[in-house]
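**Q** Sharing work25.tsv, TSV, C-alpha atoms and all ligand atoms:
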```tsv
chain	number	residue	atom	x	y	z
A	1	MET	CA	73.41	11.77	40.93
A	2	LYS	CA	75.84	11.50	43.77
A	3	ILE	CA	77.26	14.38	45.73
A	4	GLY	CA	80.21	13.84	48.02
A	5	LEU	CA	80.82	15.81	51.19
A	6	VAL	CA	84.55	16.39	51.31
A	7	GLY	CA	86.97	18.33	53.44
A	8	PHE	CA	89.81	18.04	55.87
A	9	PRO	CA	89.60	15.77	58.93
A	10	GLY	CA	87.29	17.10	61.61
A	11	CYS	CA	85.84	19.93	59.49
A	12	GLY	CA	82.32	18.68	60.23
A	13	LYS	CA	81.40	16.54	57.21
A	14	SER	CA	79.55	13.97	59.27
A	15	THR	CA	77.81	16.69	61.25
A	16	VAL	CA	76.63	18.41	58.07
A	17	PHE	CA	75.57	15.04	56.70
A	18	GLY	CA	73.48	14.49	59.81
A	19	ALA	CA	71.95	17.95	59.49
A	20	LEU	CA	71.03	17.23	55.91
A	21	THR	CA	69.45	13.88	56.49
A	22	GLY	CA	67.97	14.47	59.94
A	23	ARG	CA	67.14	11.31	61.78
A	24	ARG	CA	65.82	9.63	58.66
A	25	VAL	CA	69.13	7.86	58.30
A	26	GLU	CA	71.49	8.78	61.09
A	27	THR	CA	70.72	8.99	64.77
A	28	GLY	CA	73.14	11.52	66.17
A	29	TYR	CA	76.54	12.27	64.71
A	30	ALA	CA	78.07	9.77	62.38
A	31	SER	CA	81.10	8.40	64.08
A	32	ARG	CA	84.55	9.10	62.77
A	33	SER	CA	84.90	6.02	60.69
A	34	SER	CA	86.79	5.44	57.50
A	35	SER	CA	83.81	4.28	55.44
A	36	ALA	CA	81.47	6.51	53.49
A	37	HIS	CA	77.92	7.03	54.76
A	38	LEU	CA	75.16	7.30	52.18
A	39	ALA	CA	71.85	9.08	52.29
A	40	VAL	CA	69.19	9.83	49.76
A	41	VAL	CA	67.68	13.27	50.23
A	42	LYS	CA	64.40	14.52	48.73
A	43	VAL	CA	64.46	17.80	46.81
A	44	PRO	CA	61.57	19.96	48.06
A	45	ASP	CA	59.47	20.95	45.02
A	46	PRO	CA	56.27	23.04	45.21
A	47	ARG	CA	55.41	22.03	41.63
A	48	VAL	CA	55.01	18.40	42.62
A	49	ASP	CA	52.76	19.52	45.48
A	50	ALA	CA	50.63	21.57	43.07
A	51	LEU	CA	50.27	18.65	40.66
A	52	ALA	CA	49.32	16.40	43.54
A	53	GLU	CA	46.55	18.81	44.47
A	54	LEU	CA	45.23	18.62	40.90
A	55	TYR	CA	45.33	14.84	40.56
A	56	SER	CA	45.06	13.52	44.13
A	57	PRO	CA	47.44	10.70	43.18
A	58	LYS	CA	48.02	7.50	45.13
A	59	LYS	CA	51.68	8.35	45.33
A	60	ILE	CA	53.83	11.50	45.38
A	61	THR	CA	57.51	11.23	44.53
A	62	TYR	CA	60.11	13.98	44.71
A	63	ALA	CA	63.43	14.13	42.94
A	64	GLU	CA	66.25	12.75	45.04
A	65	ILE	CA	69.96	13.31	45.31
A	66	GLU	CA	72.35	10.94	46.98
A	67	PHE	CA	74.81	12.42	49.43
A	68	ARG	CA	77.93	10.65	50.57
A	69	ASP	CA	79.82	11.52	53.69
A	70	LEU	CA	83.35	10.76	52.54
A	71	PRO	CA	86.22	9.82	54.83
A	72	GLY	CA	88.43	12.77	55.74
A	73	GLY	CA	91.77	11.02	55.74
A	74	HIS	CA	94.43	11.20	58.40
A	75	ASP	CA	96.17	14.03	60.17
A	76	ALA	CA	95.82	17.17	58.12
A	77	GLU	CA	96.06	15.53	54.73
A	78	LEU	CA	93.66	13.93	52.34
A	79	ASP	CA	94.93	10.44	51.71
A	80	ARG	CA	94.50	8.29	48.64
A	81	THR	CA	91.30	6.70	49.96
A	82	SER	CA	89.68	10.11	50.31
A	83	LEU	CA	90.81	11.22	46.87
A	84	ASN	CA	89.60	8.01	45.25
A	85	ALA	CA	86.25	8.29	47.00
A	86	MET	CA	85.97	11.77	45.49
A	87	ARG	CA	86.42	10.39	41.98
A	88	GLU	CA	83.24	8.33	42.24
A	89	VAL	CA	80.82	11.18	42.84
A	90	ASP	CA	79.28	13.60	40.32
A	91	ALA	CA	79.87	16.74	42.35
A	92	LEU	CA	81.64	17.85	45.50
A	93	CYS	CA	80.55	19.87	48.50
A	94	GLN	CA	83.54	21.01	50.50
A	95	VAL	CA	82.72	21.45	54.17
A	96	LEU	CA	84.77	24.25	55.73
A	97	ARG	CA	85.42	24.32	59.46
A	98	GLY	CA	84.05	27.57	60.85
A	99	PHE	CA	84.44	26.63	64.50
A	100	GLU	CA	87.39	26.03	66.84
A	101	SER	CA	88.65	22.46	66.43
A	102	GLU	CA	88.74	19.87	69.18
A	103	ALA	CA	92.50	20.52	69.43
A	104	GLY	CA	91.84	24.23	69.88
A	105	ASP	CA	92.83	25.42	66.39
A	106	ALA	CA	91.12	28.58	65.20
A	107	PRO	CA	89.03	28.19	62.03
A	108	ASP	CA	90.74	29.05	58.74
A	109	ALA	CA	88.25	28.34	55.96
A	110	LEU	CA	90.23	30.26	53.38
A	111	ARG	CA	93.24	28.05	53.93
A	112	GLU	CA	91.05	24.95	53.57
A	113	ILE	CA	89.71	26.19	50.22
A	114	ILE	CA	93.26	26.78	48.97
A	115	ASP	CA	94.61	23.50	50.36
A	116	LEU	CA	91.89	21.32	48.90
A	117	GLU	CA	92.35	23.05	45.59
A	118	ALA	CA	96.11	22.39	45.72
A	119	GLU	CA	95.66	18.73	46.61
A	120	THR	CA	93.08	18.08	43.91
A	121	LEU	CA	95.17	19.94	41.31
A	122	LEU	CA	98.11	17.74	42.20
A	123	ALA	CA	96.07	14.54	42.02
A	124	ASP	CA	94.73	15.53	38.60
A	125	LEU	CA	98.19	16.46	37.38
A	126	GLN	CA	99.46	13.01	38.25
A	127	VAL	CA	96.66	11.43	36.23
A	128	ALA	CA	97.25	13.76	33.26
A	129	GLU	CA	101.02	13.28	33.26
A	130	ALA	CA	100.75	9.51	33.31
A	131	ARG	CA	98.27	9.56	30.44
A	132	VAL	CA	100.28	12.03	28.35
A	133	GLU	CA	103.36	9.88	28.72
A	134	ARG	CA	101.42	6.81	27.64
A	135	LEU	CA	99.81	8.51	24.64
A	136	ARG	CA	103.15	9.91	23.48
A	137	LYS	CA	104.60	6.45	23.56
A	138	ASP	CA	101.91	4.55	21.69
A	139	ARG	CA	100.84	7.41	19.34
A	140	SER	CA	97.40	5.86	19.15
A	141	ASN	CA	95.31	8.94	19.68
A	142	PRO	CA	96.79	12.31	18.69
A	143	ARG	CA	93.57	14.20	19.47
A	144	GLU	CA	93.38	12.90	22.98
A	145	LEU	CA	97.06	13.60	23.43
A	146	ALA	CA	96.64	17.22	22.34
A	147	LEU	CA	93.75	17.65	24.74
A	148	LEU	CA	95.60	16.07	27.64
A	149	GLU	CA	98.63	18.25	26.98
A	150	ARG	CA	96.38	21.29	27.25
A	151	ILE	CA	94.94	19.88	30.44
A	152	GLN	CA	98.38	19.24	31.85
A	153	GLU	CA	99.39	22.80	31.04
A	154	ALA	CA	96.32	24.19	32.80
A	155	LEU	CA	96.99	22.08	35.86
A	156	GLU	CA	100.62	23.14	35.98
A	157	ALA	CA	99.40	26.73	35.93
A	158	GLU	CA	97.18	25.78	38.90
A	159	THR	CA	93.95	26.26	36.97
A	160	PRO	CA	91.14	23.93	38.09
A	161	LEU	CA	89.75	22.11	35.06
A	162	ARG	CA	86.20	23.19	35.76
A	163	SER	CA	87.10	26.64	34.43
A	164	MET	CA	88.37	25.19	31.16
A	165	GLU	CA	86.11	25.52	28.11
A	166	LEU	CA	85.79	22.18	26.39
A	167	GLY	CA	83.91	21.18	23.27
A	168	GLU	CA	81.43	18.32	23.27
A	169	GLU	CA	83.86	15.73	22.00
A	170	GLU	CA	86.53	16.91	24.43
A	171	GLN	CA	84.09	16.63	27.30
A	172	ARG	CA	83.40	13.06	26.33
A	173	LEU	CA	87.11	12.33	26.15
A	174	VAL	CA	87.89	13.70	29.60
A	175	ALA	CA	84.82	12.25	31.33
A	176	GLY	CA	86.54	8.90	31.76
A	177	TYR	CA	89.40	10.38	33.77
A	178	ALA	CA	87.16	11.61	36.60
A	179	PHE	CA	89.34	14.67	37.16
A	180	LEU	CA	88.64	16.10	40.59
A	181	THR	CA	89.05	19.76	39.65
A	182	ARG	CA	86.56	19.23	36.82
A	183	LYS	CA	83.75	18.26	39.22
A	184	PRO	CA	81.28	20.97	40.17
A	185	LEU	CA	82.13	22.26	43.65
A	186	LEU	CA	79.96	23.90	46.29
A	187	LEU	CA	81.47	25.37	49.46
A	188	VAL	CA	79.62	24.82	52.72
A	189	LEU	CA	80.80	26.82	55.70
A	190	ASN	CA	79.96	25.05	58.95
A	191	VAL	CA	79.67	27.86	61.51
A	192	PRO	CA	79.01	28.02	65.28
A	193	GLU	CA	75.40	28.37	66.43
A	194	ASP	CA	75.68	32.12	67.15
A	195	ASP	CA	76.85	32.80	63.60
A	196	ALA	CA	74.10	30.83	61.89
A	197	ALA	CA	72.32	33.93	60.59
A	198	LEU	CA	75.42	36.11	60.03
A	199	GLU	CA	76.82	37.04	56.66
A	200	ILE	CA	79.86	35.02	55.62
A	201	ALA	CA	83.20	36.81	56.11
A	202	GLU	CA	84.34	38.77	53.07
A	203	PRO	CA	87.62	36.95	52.27
A	204	ILE	CA	85.71	33.67	52.01
A	205	ARG	CA	83.04	35.22	49.81
A	206	VAL	CA	85.71	36.72	47.58
A	207	ALA	CA	87.59	33.42	47.31
A	208	ALA	CA	84.38	31.65	46.26
A	209	LYS	CA	83.48	34.34	43.77
A	210	GLU	CA	86.93	34.41	42.16
A	211	ARG	CA	86.64	30.71	41.56
A	212	GLY	CA	83.04	30.84	40.41
A	213	LEU	CA	81.96	28.54	43.24
A	214	GLY	CA	78.67	28.49	45.11
A	215	LEU	CA	78.85	29.18	48.86
A	216	VAL	CA	76.33	28.46	51.60
A	217	SER	CA	76.67	28.57	55.35
A	218	LEU	CA	74.95	26.58	58.02
A	219	SER	CA	75.47	25.51	61.57
A	220	GLY	CA	75.65	21.72	61.54
A	221	PRO	CA	74.76	21.00	65.17
A	222	VAL	CA	71.88	23.52	65.13
A	223	GLU	CA	70.47	22.16	61.91
A	224	MET	CA	70.71	18.69	63.35
A	225	ASP	CA	68.54	19.85	66.28
A	226	ILE	CA	66.05	21.36	63.84
A	227	ALA	CA	65.87	18.21	61.76
A	228	GLU	CA	65.00	16.25	64.89
A	229	LEU	CA	62.13	18.54	65.93
A	230	PRO	CA	58.54	17.77	64.91
A	231	VAL	CA	57.76	19.75	61.73
A	232	ALA	CA	55.15	21.86	63.53
A	233	GLU	CA	57.72	23.14	66.02
A	234	GLN	CA	60.40	23.97	63.49
A	235	PRO	CA	59.28	27.48	62.39
A	236	GLU	CA	59.39	28.90	65.91
A	237	PHE	CA	62.82	27.48	66.58
A	238	LEU	CA	64.14	28.75	63.24
A	239	GLU	CA	62.78	32.21	63.95
A	240	SER	CA	64.53	32.31	67.32
A	241	LEU	CA	67.79	31.78	65.42
A	242	GLY	CA	67.00	34.38	62.77
A	243	LEU	CA	66.61	31.75	60.04
A	244	LYS	CA	63.86	31.37	57.46
A	245	GLU	CA	64.18	27.67	56.61
A	246	PRO	CA	66.26	24.68	57.64
A	247	ALA	CA	69.62	24.08	55.99
A	248	SER	CA	68.45	20.99	54.20
A	249	GLY	CA	66.16	23.04	51.95
A	250	ARG	CA	68.74	25.72	51.07
A	251	PHE	CA	71.55	23.30	50.75
A	252	VAL	CA	69.73	20.67	48.71
A	253	ARG	CA	68.50	23.32	46.26
A	254	ALA	CA	72.04	24.68	45.86
A	255	ALA	CA	73.33	21.15	45.32
A	256	PHE	CA	70.62	20.42	42.75
A	257	ALA	CA	71.55	23.55	40.80
A	258	LEU	CA	75.23	22.68	41.13
A	259	ILE	CA	74.93	19.53	39.10
A	260	ASP	CA	72.84	21.33	36.51
A	261	LEU	CA	69.80	19.17	37.02
A	262	ILE	CA	66.30	20.10	35.98
A	263	SER	CA	63.00	18.44	36.83
A	264	MET	CA	60.86	16.64	34.30
A	265	LEU	CA	57.38	16.08	35.73
A	266	THR	CA	54.86	13.31	35.31
A	267	ALA	CA	51.32	13.60	36.64
A	268	GLY	CA	48.29	11.35	36.87
A	269	PRO	CA	45.95	9.64	39.30
A	270	ASP	CA	48.56	7.00	40.14
A	271	GLU	CA	51.57	9.18	40.78
A	272	CYS	CA	52.81	12.76	40.60
A	273	ARG	CA	56.54	12.84	40.32
A	274	ALA	CA	59.63	14.90	39.60
A	275	TRP	CA	62.42	13.22	37.64
A	276	PRO	CA	65.85	14.78	37.82
A	277	ILE	CA	67.51	14.96	34.40
A	278	ARG	CA	70.48	16.86	33.05
A	279	ARG	CA	69.76	20.10	31.27
A	280	GLY	CA	69.85	19.46	27.52
A	281	THR	CA	68.68	15.84	27.66
A	282	PHE	CA	66.82	14.66	24.55
A	283	ALA	CA	63.36	13.16	24.94
A	284	PRO	CA	64.27	9.47	24.41
A	285	LYS	CA	67.07	9.58	26.98
A	286	ALA	CA	64.78	11.40	29.42
A	287	ALA	CA	62.22	8.64	28.83
A	288	GLY	CA	64.91	6.14	29.75
A	289	ARG	CA	64.97	7.65	33.24
A	290	ILE	CA	61.48	6.26	33.70
A	291	HIS	CA	62.07	2.91	31.98
A	292	SER	CA	64.54	1.58	29.46
A	293	ASP	CA	61.64	0.14	27.42
A	294	ILE	CA	60.21	3.61	26.90
A	295	GLU	CA	63.58	4.81	25.61
A	296	ARG	CA	63.95	1.83	23.31
A	297	GLY	CA	60.45	2.05	21.90
A	298	PHE	CA	60.18	5.84	21.96
A	299	ILE	CA	57.70	7.22	19.42
A	300	ARG	CA	56.90	10.71	20.64
A	301	VAL	CA	56.27	12.76	23.75
A	302	GLU	CA	53.31	14.95	24.66
A	303	VAL	CA	54.40	18.00	26.59
A	304	THR	CA	52.54	20.59	28.63
A	305	ALA	CA	54.32	23.28	30.57
A	306	PHE	CA	53.66	23.03	34.30
A	307	GLU	CA	52.34	26.62	34.43
A	308	ASP	CA	49.83	26.00	31.61
A	309	LEU	CA	48.57	22.83	33.21
A	310	ILE	CA	48.01	24.53	36.55
A	311	GLU	CA	46.43	27.58	34.92
A	312	LEU	CA	44.03	25.63	32.70
A	313	GLY	CA	43.40	22.88	35.22
A	314	SER	CA	43.52	19.78	33.00
A	315	GLU	CA	45.37	18.23	30.10
A	316	ALA	CA	42.16	18.15	28.03
A	317	ARG	CA	41.84	21.91	28.37
A	318	CYS	CA	45.51	22.34	27.50
A	319	ARG	CA	44.91	20.28	24.36
A	320	ASP	CA	41.90	22.42	23.39
A	321	ALA	CA	43.87	25.59	23.99
A	322	GLY	CA	46.75	24.35	21.84
A	323	LYS	CA	49.04	24.15	24.87
A	324	LEU	CA	49.78	20.47	24.51
A	325	ARG	CA	52.67	19.91	22.14
A	326	VAL	CA	53.74	16.72	20.43
A	327	GLU	CA	57.52	16.44	20.20
A	328	GLY	CA	59.93	13.92	18.70
A	329	LYS	CA	63.38	12.45	19.26
A	330	GLU	CA	65.18	15.77	18.82
A	331	TYR	CA	63.26	17.53	21.57
A	332	GLU	CA	65.26	18.73	24.58
A	333	VAL	CA	63.16	18.34	27.69
A	334	CYS	CA	62.80	21.60	29.67
A	335	ASP	CA	62.54	22.22	33.40
A	336	GLY	CA	58.90	21.91	34.43
A	337	ASP	CA	57.71	19.99	31.35
A	338	VAL	CA	54.84	17.69	32.25
A	339	VAL	CA	55.33	14.74	29.93
A	340	HIS	CA	53.56	11.68	28.54
A	341	PHE	CA	55.71	9.35	26.50
A	342	ARG	CA	54.25	7.27	23.68
A	343	PHE	CA	56.23	4.14	22.96
A	344	ASN	CA	56.07	0.76	21.36
A	345	VAL	CA	58.15	-2.29	22.30
B	1	LIG	N1	81.72	23.62	68.15
B	1	LIG	C1	81.37	22.98	67.07
B	1	LIG	N2	81.76	21.71	66.93
B	1	LIG	C2	81.41	21.08	65.81
B	1	LIG	C3	80.66	21.69	64.78
B	1	LIG	N3	80.49	20.81	63.77
B	1	LIG	C4	81.14	19.68	64.16
B	1	LIG	N4	81.70	19.84	65.39
B	1	LIG	C5	82.48	18.86	66.13
B	1	LIG	O1	83.70	18.64	65.45
B	1	LIG	C6	84.07	17.26	65.53
B	1	LIG	C7	84.28	16.72	64.14
B	1	LIG	O2	83.06	16.72	63.46
B	1	LIG	P1	82.69	15.63	62.36
B	1	LIG	O3	81.37	15.98	61.81
B	1	LIG	O4	82.88	14.26	62.89
B	1	LIG	O5	83.84	15.95	61.30
B	1	LIG	P2	84.26	15.11	60.02
B	1	LIG	O6	84.67	16.09	59.01
B	1	LIG	O7	83.19	14.16	59.66
B	1	LIG	O8	85.51	14.33	60.57
B	1	LIG	P3	86.29	13.10	59.86
B	1	LIG	O9	85.25	12.21	59.28
B	1	LIG	O10	87.07	12.50	60.96
B	1	LIG	O11	87.17	13.73	58.84
B	1	LIG	C8	82.96	16.56	66.28
B	1	LIG	O12	83.37	16.43	67.63
B	1	LIG	C9	81.80	17.51	66.17
B	1	LIG	O13	80.95	17.43	67.28
B	1	LIG	C10	80.25	23.05	64.97
B	1	LIG	O14	79.60	23.66	64.13
B	1	LIG	N5	80.64	23.63	66.14
B	2	MG	MG	83.26	12.04	59.38
```
Please render this file's structure as structure tokens.
**A**
Amino acid sequence: MKIGLVGFPGCGKSTVFGALTGRRVETGYASRSSSAHLAVVKVPDPRVDALAELYSPKKITYAEIEFRDLPGGHDAELDRTSLNAMREVDALCQVLRGFESEAGDAPDALREIIDLEAETLLADLQVAEARVERLRKDRSNPRELALLERIQEALEAETPLRSMELGEEEQRLVAGYAFLTRKPLLLVLNVPEDDAALEIAEPIRVAAKERGLGLVSLSGPVEMDIAELPVAEQPEFLESLGLKEPASGRFVRAAFALIDLISMLTAGPDECRAWPIRRGTFAPKAAGRIHSDIERGFIRVEVTAFEDLIELGSEARCRDAGKLRVEGKEYEVCDGDVVHFRFNV
């Protein structure tokens, strides 16, 4: 799962990226280069910690999301490189400049929300128009044509595609086009240090709400400082700023929810681990996250809910209490399921 940090030049993408990843990847601010920086970020998960306490495993592994710091383009516009880079990620986080720019421009986050929306609508419209024209000509796929005409209409009416209800087959059809306004979007307001604990201004909150978008705020440079402090010294520093936890925690959780991921858990003396899977994934496909052999040779899965396992203290006790279920191919794995796959290859 890849999440791209996007936004207009100089809005603070690289700074937010640094805040998110601390010094694990970047030392100091990423320079203003045209290439994308990558970082894999762990998703904090108390359930994995609880399982680890139960099993004392050799290894503990958290779910991870990959963040990409995408190039901002030139001048005030997003160029083709930036737009294409956006197509390759699963979800977008738009960084909004909440501080005065290097050139002395006052922040205008609302304008940035509207402008990015306009540019992505236009980019999608170009894709839809080209495809509609093609499909009209070769008459090969009337269903896809009908769908793309609807999509074109929505885009012309300036409706982002993420607010369009699509059936399962339609979703499959559009997936290949990588429409930008179809990608889940989270807004991240990058504010000055003094505003780190303040409520976000109302017009921005309203704009996010109207569009059904998530909104978080953080102060990039401050969070960067926090990420660089020894863990033991972080709480005191956070408190002095009126904050409860570092941005990485809040932000990563919001991003995880954004892409509709849930955690499947595995536990044992070797490893306790969270596996990110999409909500609604069937057991064999979920097994494939662990290894393709397990998907191929899937027989069944034994499932205990995390809460039951912690409450009863062992899988044997869960079995005795009837809390260990055996499920088949049609089972949709739920958030917090502790699973054992049985397979045969
Ligand atoms: N005052 C202030 N300056 C900031 C803040 N965040 C970033 N900056 C500065 O703004 C400038 C641009 O920040 P970057 O993080 O490089 O922005 P960017 O979006 O990655 O820029 P491009 O990659 O060129 O599009 C840098 O000089 C940062 O130090 C902030 O919260 N407050
Ligand atoms: Mg940058």
**Q** What does the structure give for the distance between atom CA of Pro230 of chain A and atom CA of Ala39 of chain A, in Å to one decimal?
**A**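 Computed distance, atom CA of Pro230 of chain A to atom CA of Ala39 of chain A, equals 20.3 Å.
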**Q** Using only C-alpha atoms - which residues lie no farther than 10 Å from the point (56.2, 13.2, 38.1) in the file's frame? Write them as a count of residues only.
**A** 26
**Q** Excluding segment 239-250 of chain A and its own-chain neighbours fewer than 6 positions away, which residues fall within 7 Å of it when counting all atoms listed in the file? Please give them as a list in words.
**A**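 Everything that qualifies: Leu20, Pro44, Ala197, Leu218 and Glu223 of chain A.
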**Q** Which value, in Å to one decimal, gives the distance between atom CA of Leu147 of chain A and atom CA of Arg87 of chain A?
**A** 20.1 Å
**Q** With distances taken over all atoms listed in the file, which residue among A:Leu54, A:Leu180, A:Leu116, A:Met164 lies nearest Met86 of chain A?
**A** A:Leu180
**Q** Could you jot down the atom CA of Glu165 of chain A to atom CA of Ala257 of chain A separation for me, Å, one decimal place?
**A**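 Computing it gives 19.4 Å between the two atoms.
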**Q** Please list as a PyMOL selection string every residue within 9 Å of Ala123 of chain A, counting only C-alpha atoms and excluding residues in the same chain fewer than 4 positions away.
**A** chain A and resi 83+118-119+127-128+179-180
**Q** Go through A:Asn344, A:Thr21, A:Ser163, A:Gln152 and flag the residue nearest Val43 of chain A, using all atoms listed in the file for the distances.
**A**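 Once distances to Val43 of chain A are computed over all atoms listed in the file, the minimum belongs to A:Thr21.
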**Q** With all atoms listed in the file counted, collect every polymer residue having an atom within 6 Å of ligand LIG 1 (chain B); state the result as a PyMOL selection string.
**A** chain A and resi 8-15+32+71-72+99+190-192+219-221
**Q** So which residues fall inside 12 Å of (94.8, 26.7, 52.3) if we count all atoms listed in the file? Mind giving them as a ChimeraX atom specification?
**A** /A:7-8,76-77,96,107-119,204,207
**Q** Could you write out that same residue set with C-alpha atoms as a PDB file, in the frame of the given file?
**A**
```pdb
ATOM      1  CA  GLY A   7      86.970  18.330  53.440  1.00  0.00           C
ATOM      2  CA  PHE A   8      89.810  18.040  55.870  1.00  0.00           C
ATOM      3  CA  ALA A  76      95.820  17.170  58.120  1.00  0.00           C
ATOM      4  CA  GLU A  77      96.060  15.530  54.730  1.00  0.00           C
ATOM      5  CA  LEU A  96      84.770  24.250  55.730  1.00  0.00           C
ATOM      6  CA  PRO A 107      89.030  28.190  62.030  1.00  0.00           C
ATOM      7  CA  ASP A 108      90.740  29.050  58.740  1.00  0.00           C
ATOM      8  CA  ALA A 109      88.250  28.340  55.960  1.00  0.00           C
ATOM      9  CA  LEU A 110      90.230  30.260  53.380  1.00  0.00           C
ATOM     10  CA  ARG A 111      93.240  28.050  53.930  1.00  0.00           C
ATOM     11  CA  GLU A 112      91.050  24.950  53.570  1.00  0.00           C
ATOM     12  CA  ILE A 113      89.710  26.190  50.220  1.00  0.00           C
ATOM     13  CA  ILE A 114      93.260  26.780  48.970  1.00  0.00           C
ATOM     14  CA  ASP A 115      94.610  23.500  50.360  1.00  0.00           C
ATOM     15  CA  LEU A 116      91.890  21.320  48.900  1.00  0.00           C
ATOM     16  CA  GLU A 117      92.350  23.050  45.590  1.00  0.00           C
ATOM     17  CA  ALA A 118      96.110  22.390  45.720  1.00  0.00           C
ATOM     18  CA  GLU A 119      95.660  18.730  46.610  1.00  0.00           C
ATOM     19  CA  ILE A 204      85.710  33.670  52.010  1.00  0.00           C
ATOM     20  CA  ALA A 207      87.590  33.420  47.310  1.00  0.00           C
TER      21      ALA A 207
END
```
**Q** My structure is short of atoms at segment 138-144 of chain A; please model all heavy atoms there, returning them as a PDB file, in the frame of the given file.
**A**
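New file selection.pdb:
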```pdb
ATOM      1  N   ASP A 138     102.560   5.439  22.664  1.00  0.00           N
ATOM      2  CA  ASP A 138     101.910   4.550  21.690  1.00  0.00           C
ATOM      3  C   ASP A 138     101.266   5.283  20.508  1.00  0.00           C
ATOM      4  O   ASP A 138     100.753   4.640  19.594  1.00  0.00           O
ATOM      5  CB  ASP A 138     100.936   3.574  22.381  1.00  0.00           C
ATOM      6  CG  ASP A 138      99.750   4.279  22.988  1.00  0.00           C
ATOM      7  OD1 ASP A 138      99.498   5.435  22.623  1.00  0.00           O
ATOM      8  OD2 ASP A 138      99.064   3.659  23.826  1.00  0.00           O
ATOM      9  N   ARG A 139     101.291   6.608  20.498  1.00  0.00           N
ATOM     10  CA  ARG A 139     100.840   7.410  19.340  1.00  0.00           C
ATOM     11  C   ARG A 139      99.487   6.972  18.796  1.00  0.00           C
ATOM     12  O   ARG A 139      99.216   7.115  17.598  1.00  0.00           O
ATOM     13  CB  ARG A 139     101.854   7.317  18.198  1.00  0.00           C
ATOM     14  CG  ARG A 139     103.199   7.878  18.529  1.00  0.00           C
ATOM     15  CD  ARG A 139     104.223   7.427  17.519  1.00  0.00           C
ATOM     16  NE  ARG A 139     105.552   7.794  17.959  1.00  0.00           N
ATOM     17  CZ  ARG A 139     106.328   8.649  17.318  1.00  0.00           C
ATOM     18  NH1 ARG A 139     105.925   9.234  16.232  1.00  0.00           N
ATOM     19  NH2 ARG A 139     107.529   8.922  17.796  1.00  0.00           N
ATOM     20  N   SER A 140      98.644   6.426  19.648  1.00  0.00           N
ATOM     21  CA  SER A 140      97.400   5.860  19.150  1.00  0.00           C
ATOM     22  C   SER A 140      96.326   6.914  18.964  1.00  0.00           C
ATOM     23  O   SER A 140      95.420   6.750  18.157  1.00  0.00           O
ATOM     24  CB  SER A 140      96.895   4.795  20.127  1.00  0.00           C
ATOM     25  OG  SER A 140      96.748   5.387  21.401  1.00  0.00           O
ATOM     26  N   ASN A 141      96.418   7.987  19.699  1.00  0.00           N
ATOM     27  CA  ASN A 141      95.310   8.940  19.680  1.00  0.00           C
ATOM     28  C   ASN A 141      95.806  10.379  19.792  1.00  0.00           C
ATOM     29  O   ASN A 141      95.812  10.967  20.868  1.00  0.00           O
ATOM     30  CB  ASN A 141      94.361   8.593  20.839  1.00  0.00           C
ATOM     31  CG  ASN A 141      93.008   9.259  20.677  1.00  0.00           C
ATOM     32  OD1 ASN A 141      92.896  10.289  19.994  1.00  0.00           O
ATOM     33  ND2 ASN A 141      91.995   8.700  21.291  1.00  0.00           N
ATOM     34  N   PRO A 142      96.206  10.966  18.667  1.00  0.00           N
ATOM     35  CA  PRO A 142      96.790  12.310  18.690  1.00  0.00           C
ATOM     36  C   PRO A 142      95.837  13.375  19.233  1.00  0.00           C
ATOM     37  O   PRO A 142      96.261  14.323  19.892  1.00  0.00           O
ATOM     38  CB  PRO A 142      97.141  12.588  17.228  1.00  0.00           C
ATOM     39  CG  PRO A 142      96.524  11.505  16.427  1.00  0.00           C
ATOM     40  CD  PRO A 142      96.175  10.372  17.327  1.00  0.00           C
ATOM     41  N   ARG A 143      94.535  13.196  18.982  1.00  0.00           N
ATOM     42  CA  ARG A 143      93.570  14.200  19.470  1.00  0.00           C
ATOM     43  C   ARG A 143      93.504  14.205  20.981  1.00  0.00           C
ATOM     44  O   ARG A 143      93.481  15.254  21.616  1.00  0.00           O
ATOM     45  CB  ARG A 143      92.176  13.862  18.955  1.00  0.00           C
ATOM     46  CG  ARG A 143      91.966  14.285  17.536  1.00  0.00           C
ATOM     47  CD  ARG A 143      90.565  13.966  17.214  1.00  0.00           C
ATOM     48  NE  ARG A 143      89.929  15.071  16.555  1.00  0.00           N
ATOM     49  CZ  ARG A 143      88.748  14.970  15.962  1.00  0.00           C
ATOM     50  NH1 ARG A 143      88.085  13.833  16.017  1.00  0.00           N
ATOM     51  NH2 ARG A 143      88.219  15.988  15.364  1.00  0.00           N
ATOM     52  N   GLU A 144      93.454  13.003  21.525  1.00  0.00           N
ATOM     53  CA  GLU A 144      93.380  12.900  22.980  1.00  0.00           C
ATOM     54  C   GLU A 144      94.671  13.413  23.597  1.00  0.00           C
ATOM     55  O   GLU A 144      94.656  14.075  24.634  1.00  0.00           O
ATOM     56  CB  GLU A 144      93.109  11.451  23.386  1.00  0.00           C
ATOM     57  CG  GLU A 144      92.723  11.320  24.837  1.00  0.00           C
ATOM     58  CD  GLU A 144      92.263   9.913  25.206  1.00  0.00           C
ATOM     59  OE1 GLU A 144      92.065   9.093  24.306  1.00  0.00           O
ATOM     60  OE2 GLU A 144      92.115   9.670  26.418  1.00  0.00           O
TER      61      GLU A 144
END
```
